[in-house]
Amino acid sequence: MNKRITNACLALLISGGLWSCGGSSTTATEGDTTATTDSSANKATTDTKEVSGVASKLKDYQTVKLTTDLSQLTDKEKQMIPLLIEAAQLMDDLFWEQAYGDKSKALAKAKNEDEKKYIAINYGPWDRLDNNKPFIEGVGNKPEGANFYPQDMTKEEYDQLDNKDKGSLYTIIRRKEDKSLEVIPYSVAYKEKLTKAAELLKKAAELAENPSLKKYLNLRAEAFLTDQYKASDMAWMDLKDNGLDVIIGPIENYEDKINGAKAAFEAYILVKDKEWSQKLARYATLLPQLQKGIPVEDKYKKETPGSNSQLAAFDVVYYAGDCNAGSKTIAVNLPNDEGIQLEKGTRRSQLKNTMKAKFDNIVVPISNVLIAEDQRSNIAFDAFFQNVMFHEVAHGLGIKNTIDGKGTVRKALGNTASAIEEGKADILGLYMVTELRKMKELTEGTLQNNYVTFLASIFRSIRFGAASSHGKANMVCFNFFQKMGAFTRGEDGTYKVDFEKFPEAVKGLTNKLLTLQGNGDYEATKKFLEEMSVQSDVLTKDLARLKTAGIPKDIVFEQGVDALGLTAQ
């Protein structure tokens, strides 16, 4: 998924100094002014460099219409979509509150329509594809905890706060009138919008013909009002024969750069591509075998993934909230709950129409600039689809709990966990592609296509910047592969895969990342990221050529009931 840290804070984040370089605000607009002080080490700092050229920045996004063939849906399923879109729009509003605060105040800072558009794309005045740099005059750095925490909260205050729910996915922290801290559940803090969203999900459930979908929607509605999401996550895992699907609620925790603890609201409305889903289904049965073959010591792969894991393809007809901010998600692996993953596995949803849009508009043009001419024929959508699919599969494999009792990997690695996990998924996914081809289980295209397309996609993701876990993970991969000689750069500035050395680099990085995760060693992980996520001047210049060529970094959507030709309920 596509989340961020500010460039100004990158060095401190990697070195463990996150609390001293920026925090969260009761309203994120408070983060626009004050500089860091010793007494409130969590305040956002003022950036004296004004970011200009918003009109040019808008060109970094290609507009894509989100639609699909709705003829495969029943009449009642079509009637459900407007209700789900309305609920998704509430998730969008809630993410605005979490990421910034008052949306209207953010838009009021714009001097023109271009700035308004760019604020809307970024859910605030910070550029998510440029290390969260401010692009509005007078706006300081983005608070590290977005709007989940008081801006002036210190690390000491947080540590001394005696409340077992302070680190919950589903609470925010605020100041009371006496300046002390209090923990507020989402169901209380966002009661009005969550109550309305629950009502919409229940209305959609009344129309649902699939019993499992009906159950999930009703349980999700309850979760909005109680902050108890596990039952609905388990019910979502049981969805198999539904043509319509929805992922909705507080899910990913990338927006919280202080603790990586708070879940951000988002929504995807999905229509299943049944033909492609049938092609993918057979791979789910191979996951335990793939887990056993991972090139790492047995103690780092002793966990067994749930047998109920699913692979399916969807067309997205609506994005909202976190997944719509900046770079857009092209595949989803959920739920994030480690217990559910071990018990029931995960659902890996490939977002085929969005994926194809990025491939056509971004990956292919990048390859025409940066990939050696004699390897451009290896750039293929099947390979891109496979690489992304097994990236998501890889999230469910490997290790979820540290080997020495430090708890979950996510908890032990703290604010370094996201980048390491995304890197693991990238590289372990490519390892699995390699093994499946050896097993004759993956036959479309060639392994050479997978490798060259993977390299081209690294350039795509690096452009998301260090504020993206995906961007940082791909920078680590690029540097590791370069050291291993997995590719070379020609005098003409194009890159060429070494097909003999590439597999060894895949194994080497797989081993390294899984070992870091299993050990749960925060300092070692921090050091590795610090050393391996530096972008060289040569690469910076090569990426600038993509900008000169007018190649977009990502996409934005024309979406909604009108785009789908539906009538609002």
# chains A, B, ... in the order shown; residues from 1 in each chain; ligands from 1
>>> select_by_dssp(residues="stretch 175-394 of chain A", states="helix (DSSP H, G or I)", output="ChimeraX atom specification")
/A:186-189,191-207,211-226,230-237,274-284,287-292,298-300,322-324,338-344,352-370,373-378,381-394
>>> select_by_dssp(residues="stretch 306-503 of chain A", states="strand (DSSP E or B)", output="JSON, numbers by chain")
{"A": [310, 311, 312, 313, 314, 315, 316, 317, 318, 319, 320, 321, 331, 332, 333, 334, 347, 348, 349, 350, 351, 371, 401, 408, 487, 488, 489, 495, 496, 497]}
>>> closest_residue(among="A:Lys274, A:Lys65, A:Lys547, A:Lys302", to="A:Lys240", atoms="only C-alpha atoms")
A:Lys274
>>> closest_residue(among="A:Ala99, A:Pro295, A:Leu287, A:Lys328", to="A:Phe557", atoms="only C-alpha atoms")
A:Lys328
>>> closest_atom_pairs(of="stretch 75-187 of chain A", to="stretch 468-472 of chain A", cutoff="12 Å", atoms="only C-alpha atoms", output="tab-separated table")
residue	atom	partner	partner_atom	distance
A:Asp127	CA	A:Ser468	CA	11.1
A:Arg128	CA	A:Ser468	CA	7.7
A:Leu129	CA	A:Ser468	CA	7.7
A:Asp130	CA	A:Ser468	CA	9.2
A:Asn131	CA	A:Ser468	CA	7.6
A:Asn132	CA	A:Ser468	CA	9.2
